[in-house]
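Down below is the structure, laid out as structure tokens.
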Amino acid sequence: MKNIFFICVFSLIAFTGCTDDDELYKNSGKDSAEEETSFPNEEIDQRLFKVINLDYPGLEQVKAWYETGNYYSASKALLEYYRGRIGIINPYVSLNSITTQQARYAELALAENGYRFYINANYLEEKDLGNGKEKVPYSLKSGKEINWEFIPKGADDEYRKQLHRHNWIPFQAMAYQKTQDEIYMLGWKDVYSDWVSKFPKTETVVDEFAWWQLQVSTRLMGQAQAFEYFKFSSNFTPQWLSFFLVHFAEHADFLLKNRYPDENNILFSQIISMVFAGTLFPEFKDAPQWQAEGCRIINEQLEKQFLPDGMLSDLSLHYHIGILDELYNLKRLIQENHLPENLLTSKFDQILEKATEIVIHFTYPNYFEAGSNEYCTSAFNDSWMNTKNVLEKNFKKYAEMFPNNQELAWMATRGGQGHAPSAGIKVFENSGHYILRNGWDKTSTMLIHSNNYSNEKMDIWSHNQPDNGTFELYHNGRNFFPDSGVSSYGGSGTPNNIRSWFRQTKSHNTMILSDKETEDNDEPNAKRYGDEDIKNTLGKLIRKGETNQYQFVATENQGYANFTHRRSIFFVTPKEKPFFVIVDEGIGNATGFSKLYFHLCDDKTAESVSLDIENHGAHTTFSDNNNLFIRSFGNADITQNEVKGYISYDTKGLFLPRKAYSLVMDKKENSPVRYITVIYPVANETPEISARFTDDETFIEDAIKLEVTVNGQRYELGYTK
């Protein structure tokens, strides 16, 4: 592991040593009175000398000037020290790393372009700024001022939060490093000093905007990057250094004193940034405390936030991958700065390696298809599908961290090195995820079943959706039952209604209990949703197993006080054509109507997905002959209703229609409802399918028996205690 980051370390040392040593290290040689005349001490923020440890090795000249009362010369000496400092490595800093799009965002953030600050890809407008129409950030320019209170029409609270993360500043710093154009340095000074004047530090968290832990930690990390890129600028003056360092210390101290109350990804981001601050700026008096306290909480939180099966407790693959990336860079920070290994728990690598395996098994086989950049992961909970490029970039990092892991090597090289992971049943019981697959090439078949285990309240802000029992099914290059997605992180008003629609239980491939036989077919944003949502997400595994004919997994969740949904999934694997049989049972003394929902793939042609209302199912007719045929059977009369289905691929509040339907049965007291659904791959033929329970159609605890017939071939499925 010692040499895996050699190139990055070498590049950064070259970067920090690329100026004239004589210029960097010379003393001013001027009389202090002359300097004070040209640069009054009043221009230096004297709080600098309260936060810097003047006894830190290398700061002898700084201390000498300070003790004479010449604060400008002391600051200048400190700037020269930082310009010549070697051995402190920020793993987020590298040479020639800016993309064309990032460079454009850096340019747009300048005053002359209207202070168009990049928040994220969700908050862009289409404008012609002289080069044709393009998607650009919104302008915050008001006269000659920056209007930090501006909110684009229709934007939610997330816009206001992320505005204060200053995501565009690292782009400007990278643009400066590449072009050496001082306009970017002046832009940083202009905007950051304006922000500081309008949003002074608070002692405690007073809202979720300017001084909230995630905003503060993101700004802190971005400022640390900006410092390294900008510090050789002729406009990086001693005065600006004093301003920058005083407010950098304010940020780090704020995080130290205001621990995020919940144990989730926000706390992780907070404490990781504290370790970075203490490591990258050891000259601060409080740096040892930032570093030590950050590491202490990381060690405490690793086993709390990563479940024993490897999944982050947020139960969102998006946040799981994000925190893995932060911990990857933390590991690099420790290694490249030669910090004591015992700063982090001895379980650090074990926990991280298990977390990377989650990402492996949530990856669909189209990841290995050459020449495309398709979506390759599921979108359960507050996640969205990741593309092949995103996954490959992350797998390369994981393989660097764990070079002996042959499965990670195989994923990082897309089959070029190492060996493929197992194609057997994969169980992540602590988080409630179960994976059935028959291979790793594009034509393979794979189903991910999600039955969350979390006792967290399912408020609108929760990353855990009330969707227990749902699944996604990939076959031969197509995700036929993709999750609905997130669409919006919400806030107040219409976007929050959109978020509510996508979160609701019936927007997923699972079951609800309703007191209404008919359907509410409102579109997202028409009202608030969730009245029929399950109330608990305490999913548990009942059985799993494998025979010569099939693999199976059975789970259940008591979503309501007197109604439990048990779902048994059989992956029938004859050599000629594997298919799925899903058994859904509604158990308990509840009365009402059980509704089983199926949401099919995004049909871009509006002609390739058809509902078969009279036959309780659906079928697809894609022209590539890669299709599914779906039929359901029950222990009582079934009514099939078409419902409005939607799918979202991001968090911009945008969504597309898709075919969806419910299968409704009358739930009588103390009598279970039982469905059998057969999902069979076809080209364009119409198979003959039938299914029935062979256990007298009565619910048996921890056991089930059924018979499925496809084109005259009978399959006996089930499990017993």
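Residues are referred to by chain and number: the chain letter is A, B, ... according to the order shown in the structure tokens, the number counts from 1 in that chain, and ligands are numbered separately from 1 in the order shown.
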
query: Quick one: residues within 7 Å of Ile358 of chain A, only C-alpha atoms counted, chain neighbours fewer than 3 positions away excluded, as an NGL selection string?
result: :A and (310-311 or 354-355 or 361-362)

field: Polymer residues at most 6 Å from segment 463-478 of chain A, only C-alpha atoms, same-chain spacing of 6 or more positions, as number ranges by chain
entry: A: 314, 366, 381-382, 442-452, 503, 505, 508-510

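Closest approach to Pro672 of chain A from the set A:Gln713, A:Asn589, A:Ser610, A:Gln417 is made by A:Asn589, with distances taken over only C-alpha atoms.
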
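If you look at atom CA of Met665 of chain A and atom CA of Phe563 of chain A, they are 13.9 Å away from each other.
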
query: Within 10 Å of Thr100 of chain A, counting only C-alpha atoms, which residues qualify if same-chain residues fewer than 5 places away don't, as number ranges by chain?
result: A: 105-106, 175

message: Measuring between only C-alpha atoms, which one of A:Glu669, A:Asp602, A:Glu80, A:Glu336 shows the shortest distance to Ile647 of chain A?
response: A:Asp602

- prompt: How would you write, as a list of chain:residue names, the set of residues in segment 449-633 of chain A that DSSP gives as alpha helix (DSSP H)?
  reply: A:Thr494, A:Pro495, A:Asn496, A:Asn497, A:Ile498, A:Arg499, A:Ser500, A:Trp501, A:Phe502, A:Arg503

task: Any chance you could list, as a ChimeraX atom specification, the residues in segment 246-467 of chain A that come up strand (DSSP E or B) when DSSP is run on the backbone?
output: /A:284,306,312,363,375,377,387,426-428,433-437,445-450,453-454

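Each of A:Gln289, A:Asn265, A:Gln558, A:Asn90 was compared to Gly539 of chain A using only C-alpha atoms, and A:Gln558 turns out to be the nearest.
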
- prompt: Within 12 Å of Thr677 of chain A, counting only C-alpha atoms, which residues qualify if same-chain residues fewer than 6 places away don't, as a ChimeraX atom specification?
  reply: /A:567-570,579-585,596-598,615-618,629-634,663,689-693,706-708

Keeping only N, CA and C atoms, take the residues you just selected and write them out as an mmCIF file, in the first residue's frame.
```cif
data_model
loop_
_atom_site.group_PDB
_atom_site.id
_atom_site.type_symbol
_atom_site.label_atom_id
_atom_site.label_comp_id
_atom_site.auth_asym_id
_atom_site.auth_seq_id
_atom_site.Cartn_x
_atom_site.Cartn_y
_atom_site.Cartn_z
ATOM 1 N N ARG A 567 -43.030 -11.949 1.234
ATOM 2 C CA ARG A 567 -42.722 -12.120 -0.192
ATOM 3 C C ARG A 567 -41.674 -13.218 -0.341
ATOM 4 N N SER A 568 -42.007 -14.238 -1.132
ATOM 5 C CA SER A 568 -41.092 -15.339 -1.439
ATOM 6 C C SER A 568 -40.748 -15.264 -2.917
ATOM 7 N N ILE A 569 -39.460 -15.213 -3.232
ATOM 8 C CA ILE A 569 -39.006 -15.065 -4.612
ATOM 9 C C ILE A 569 -38.239 -16.322 -5.013
ATOM 10 N N PHE A 570 -38.698 -16.952 -6.070
ATOM 11 C CA PHE A 570 -38.055 -18.157 -6.591
ATOM 12 C C PHE A 570 -37.415 -17.828 -7.938
ATOM 13 N N PHE A 579 -36.420 -18.086 -15.105
ATOM 14 C CA PHE A 579 -37.532 -17.159 -14.886
ATOM 15 C C PHE A 579 -37.796 -17.025 -13.389
ATOM 16 N N PHE A 580 -38.661 -16.060 -13.041
ATOM 17 C CA PHE A 580 -38.949 -15.776 -11.639
ATOM 18 C C PHE A 580 -40.402 -16.078 -11.312
ATOM 19 N N VAL A 581 -40.592 -16.570 -10.095
ATOM 20 C CA VAL A 581 -41.924 -16.725 -9.525
ATOM 21 C C VAL A 581 -41.913 -15.987 -8.189
ATOM 22 N N ILE A 582 -42.852 -15.047 -8.029
ATOM 23 C CA ILE A 582 -42.937 -14.252 -6.796
ATOM 24 C C ILE A 582 -44.261 -14.559 -6.106
ATOM 25 N N VAL A 583 -44.172 -14.953 -4.854
ATOM 26 C CA VAL A 583 -45.364 -15.237 -4.054
ATOM 27 C C VAL A 583 -45.515 -14.139 -3.017
ATOM 28 N N ASP A 584 -46.663 -13.467 -3.026
ATOM 29 C CA ASP A 584 -46.946 -12.395 -2.075
ATOM 30 C C ASP A 584 -48.127 -12.795 -1.208
ATOM 31 N N GLU A 585 -47.941 -12.704 0.109
ATOM 32 C CA GLU A 585 -48.989 -13.065 1.053
ATOM 33 C C GLU A 585 -49.224 -11.916 2.021
ATOM 34 N N LEU A 596 -51.371 -5.064 -4.769
ATOM 35 C CA LEU A 596 -50.026 -5.436 -5.169
ATOM 36 C C LEU A 596 -49.672 -4.652 -6.428
ATOM 37 N N TYR A 597 -48.558 -3.907 -6.383
ATOM 38 C CA TYR A 597 -48.209 -2.975 -7.460
ATOM 39 C C TYR A 597 -47.018 -3.470 -8.268
ATOM 40 N N PHE A 598 -47.096 -3.223 -9.569
ATOM 41 C CA PHE A 598 -45.985 -3.484 -10.473
ATOM 42 C C PHE A 598 -45.786 -2.261 -11.364
ATOM 43 N N ASN A 615 -56.273 -10.610 -18.027
ATOM 44 C CA ASN A 615 -55.493 -11.804 -17.688
ATOM 45 C C ASN A 615 -54.558 -11.589 -16.507
ATOM 46 N N HIS A 616 -54.734 -10.464 -15.812
ATOM 47 C CA HIS A 616 -53.967 -10.181 -14.597
ATOM 48 C C HIS A 616 -52.464 -10.214 -14.863
ATOM 49 N N GLY A 617 -52.027 -9.310 -15.727
ATOM 50 C CA GLY A 617 -50.606 -9.267 -16.024
ATOM 51 C C GLY A 617 -50.248 -8.205 -17.032
ATOM 52 N N ALA A 618 -49.103 -8.416 -17.687
ATOM 53 C CA ALA A 618 -48.597 -7.469 -18.672
ATOM 54 C C ALA A 618 -47.588 -8.196 -19.549
ATOM 55 N N PHE A 629 -42.989 -11.640 -20.067
ATOM 56 C CA PHE A 629 -44.414 -11.978 -20.045
ATOM 57 C C PHE A 629 -44.779 -12.217 -18.585
ATOM 58 N N ILE A 630 -45.802 -11.500 -18.074
ATOM 59 C CA ILE A 630 -46.111 -11.503 -16.641
ATOM 60 C C ILE A 630 -47.555 -11.924 -16.430
ATOM 61 N N ARG A 631 -47.753 -12.885 -15.535
ATOM 62 C CA ARG A 631 -49.095 -13.329 -15.185
ATOM 63 C C ARG A 631 -49.179 -13.541 -13.672
ATOM 64 N N SER A 632 -50.325 -13.158 -13.094
ATOM 65 C CA SER A 632 -50.549 -13.326 -11.658
ATOM 66 C C SER A 632 -51.801 -14.147 -11.391
ATOM 67 N N PHE A 633 -51.773 -14.888 -10.299
ATOM 68 C CA PHE A 633 -52.874 -15.753 -9.879
ATOM 69 C C PHE A 633 -53.071 -15.552 -8.380
ATOM 70 N N GLY A 634 -54.294 -15.831 -7.878
ATOM 71 C CA GLY A 634 -54.554 -15.588 -6.466
ATOM 72 C C GLY A 634 -55.428 -16.639 -5.835
ATOM 73 N N LEU A 663 -52.966 -5.069 -8.439
ATOM 74 C CA LEU A 663 -53.790 -6.270 -8.360
ATOM 75 C C LEU A 663 -54.474 -6.251 -7.000
ATOM 76 N N ILE A 689 -49.165 -20.163 -19.290
ATOM 77 C CA ILE A 689 -48.704 -20.168 -17.899
ATOM 78 C C ILE A 689 -49.895 -20.355 -16.971
ATOM 79 N N SER A 690 -49.722 -21.209 -15.981
ATOM 80 C CA SER A 690 -50.712 -21.356 -14.914
ATOM 81 C C SER A 690 -49.966 -21.580 -13.606
ATOM 82 N N ALA A 691 -50.625 -21.305 -12.488
ATOM 83 C CA ALA A 691 -49.999 -21.494 -11.182
ATOM 84 C C ALA A 691 -51.073 -21.675 -10.128
ATOM 85 N N ARG A 692 -50.754 -22.477 -9.112
ATOM 86 C CA ARG A 692 -51.692 -22.672 -7.999
ATOM 87 C C ARG A 692 -50.917 -23.055 -6.752
ATOM 88 N N PHE A 693 -51.519 -22.774 -5.607
ATOM 89 C CA PHE A 693 -50.957 -23.231 -4.335
ATOM 90 C C PHE A 693 -51.313 -24.704 -4.143
ATOM 91 N N LEU A 706 -46.238 -24.610 -3.916
ATOM 92 C CA LEU A 706 -47.003 -24.188 -5.077
ATOM 93 C C LEU A 706 -46.524 -24.941 -6.309
ATOM 94 N N GLU A 707 -47.315 -24.800 -7.352
ATOM 95 C CA GLU A 707 -47.006 -25.465 -8.615
ATOM 96 C C GLU A 707 -47.187 -24.465 -9.745
ATOM 97 N N VAL A 708 -46.192 -24.381 -10.610
ATOM 98 C CA VAL A 708 -46.231 -23.479 -11.762
ATOM 99 C C VAL A 708 -46.034 -24.314 -13.023
#
```

query: Quick one: distance from atom CA of Tyr560 of chain A to atom CA of Met511 of chain A in Å, one decimal?
result: 11.3 Å

task: List the neighbours of Tyr115 of chain A out to 6 Å using only C-alpha atoms; skip same-chain residues closer than 2 positions along the sequence, and give me the result as a ChimeraX atom specification.
output: /A:109-111,113,117,139-141

For the selection just defined, write its residues with all heavy atoms to a file, as a CSV table (one decimal), in the first residue's frame.
```
chain,number,residue,atom,x,y,z
A,109,ALA,N,-19.0,31.9,-12.8
A,109,ALA,CA,-19.1,32.4,-11.4
A,109,ALA,C,-18.5,33.8,-11.2
A,109,ALA,O,-18.7,34.4,-10.2
A,109,ALA,CB,-18.4,31.4,-10.4
A,110,LEU,N,-17.8,34.3,-12.2
A,110,LEU,CA,-17.2,35.6,-12.1
A,110,LEU,C,-18.3,36.7,-12.2
A,110,LEU,O,-19.3,36.6,-12.8
A,110,LEU,CB,-16.2,35.8,-13.3
A,110,LEU,CG,-15.0,34.8,-13.2
A,110,LEU,CD1,-14.2,35.0,-14.5
A,110,LEU,CD2,-14.1,35.1,-12.0
A,111,ALA,N,-17.9,37.9,-11.6
A,111,ALA,CA,-18.9,39.0,-11.6
A,111,ALA,C,-19.3,39.4,-13.0
A,111,ALA,O,-20.5,39.7,-13.3
A,111,ALA,CB,-18.2,40.2,-10.9
A,113,ASN,N,-19.8,37.8,-15.5
A,113,ASN,CA,-20.8,36.8,-16.1
A,113,ASN,C,-22.0,36.7,-15.2
A,113,ASN,O,-22.8,35.7,-15.5
A,113,ASN,CB,-20.1,35.5,-16.3
A,113,ASN,CG,-19.0,35.5,-17.4
A,113,ASN,OD1,-19.2,36.2,-18.4
A,113,ASN,ND2,-17.9,34.9,-17.1
A,117,PHE,N,-23.4,31.1,-9.9
A,117,PHE,CA,-22.7,30.1,-9.0
A,117,PHE,C,-23.2,28.7,-9.2
A,117,PHE,O,-24.5,28.5,-9.1
A,117,PHE,CB,-22.9,30.5,-7.6
A,117,PHE,CG,-22.3,31.9,-7.2
A,117,PHE,CD1,-22.9,32.7,-6.2
A,117,PHE,CD2,-21.2,32.3,-7.9
A,117,PHE,CE1,-22.4,33.9,-5.9
A,117,PHE,CE2,-20.6,33.6,-7.5
A,117,PHE,CZ,-21.3,34.4,-6.6
A,139,SER,N,-28.1,33.4,-12.2
A,139,SER,CA,-27.4,34.6,-11.8
A,139,SER,C,-27.8,35.1,-10.5
A,139,SER,O,-29.0,35.3,-10.2
A,139,SER,CB,-27.5,35.7,-12.9
A,139,SER,OG,-26.9,36.9,-12.4
A,140,LEU,N,-26.9,35.5,-9.6
A,140,LEU,CA,-27.2,36.1,-8.3
A,140,LEU,C,-26.8,37.6,-8.3
A,140,LEU,O,-26.8,38.2,-7.3
A,140,LEU,CB,-26.4,35.4,-7.2
A,140,LEU,CG,-27.2,34.2,-6.5
A,140,LEU,CD1,-27.3,33.0,-7.5
A,140,LEU,CD2,-26.4,33.7,-5.3
A,141,LYS,N,-26.5,38.1,-9.5
A,141,LYS,CA,-26.1,39.5,-9.6
A,141,LYS,C,-27.3,40.4,-9.5
A,141,LYS,O,-28.3,40.3,-10.2
A,141,LYS,CB,-25.4,39.8,-10.9
A,141,LYS,CG,-24.6,41.1,-10.9
A,141,LYS,CD,-23.7,41.2,-12.0
A,141,LYS,CE,-22.8,42.5,-11.9
A,141,LYS,NZ,-21.8,42.5,-13.0
```

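The environment of Lys577 of chain A within 10 Å, counting only C-alpha atoms and disregarding residues fewer than 6 places along the same chain, consists of A:Tyr680, A:Pro681, A:Val682.
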
Selection above as a file: C-alpha atoms, as a PDB file, in the first residue's frame:
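After the write, again03.pdb holds the following:
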```pdb
ATOM      1  CA  TYR A 680     -41.111 -15.203 -17.854  1.00  0.00           C
ATOM      2  CA  PRO A 681     -38.636 -14.052 -20.549  1.00  0.00           C
ATOM      3  CA  VAL A 682     -39.834 -14.256 -24.164  1.00  0.00           C
TER       4      VAL A 682
END
```

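Among the candidate residues A:Gly58, A:Gly84, A:Gly278, A:Gly114, the one lying nearest to Asn147 of chain A is A:Gly114, with distances computed using only C-alpha atoms.
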
Counting only C-alpha atoms, the option among A:Ile679, A:Leu538, A:Leu280, A:Leu513 closest to Val664 of chain A: A:Leu513

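For Gly424 of chain A, the set of protein, DNA and RNA residues having any atom at most 9 Å away, when counting only C-alpha atoms and skipping those fewer than 5 positions along the same chain, is A:Ile435, A:Leu436, A:Arg437, A:Asn438, A:Gly439, A:Gln551.
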
task: Kindly indicate which residue among A:Lys721, A:Arg259, A:Lys161, A:Lys652 lies nearest to Asn496 of chain A, using only C-alpha atoms for the distances.
output: A:Lys652
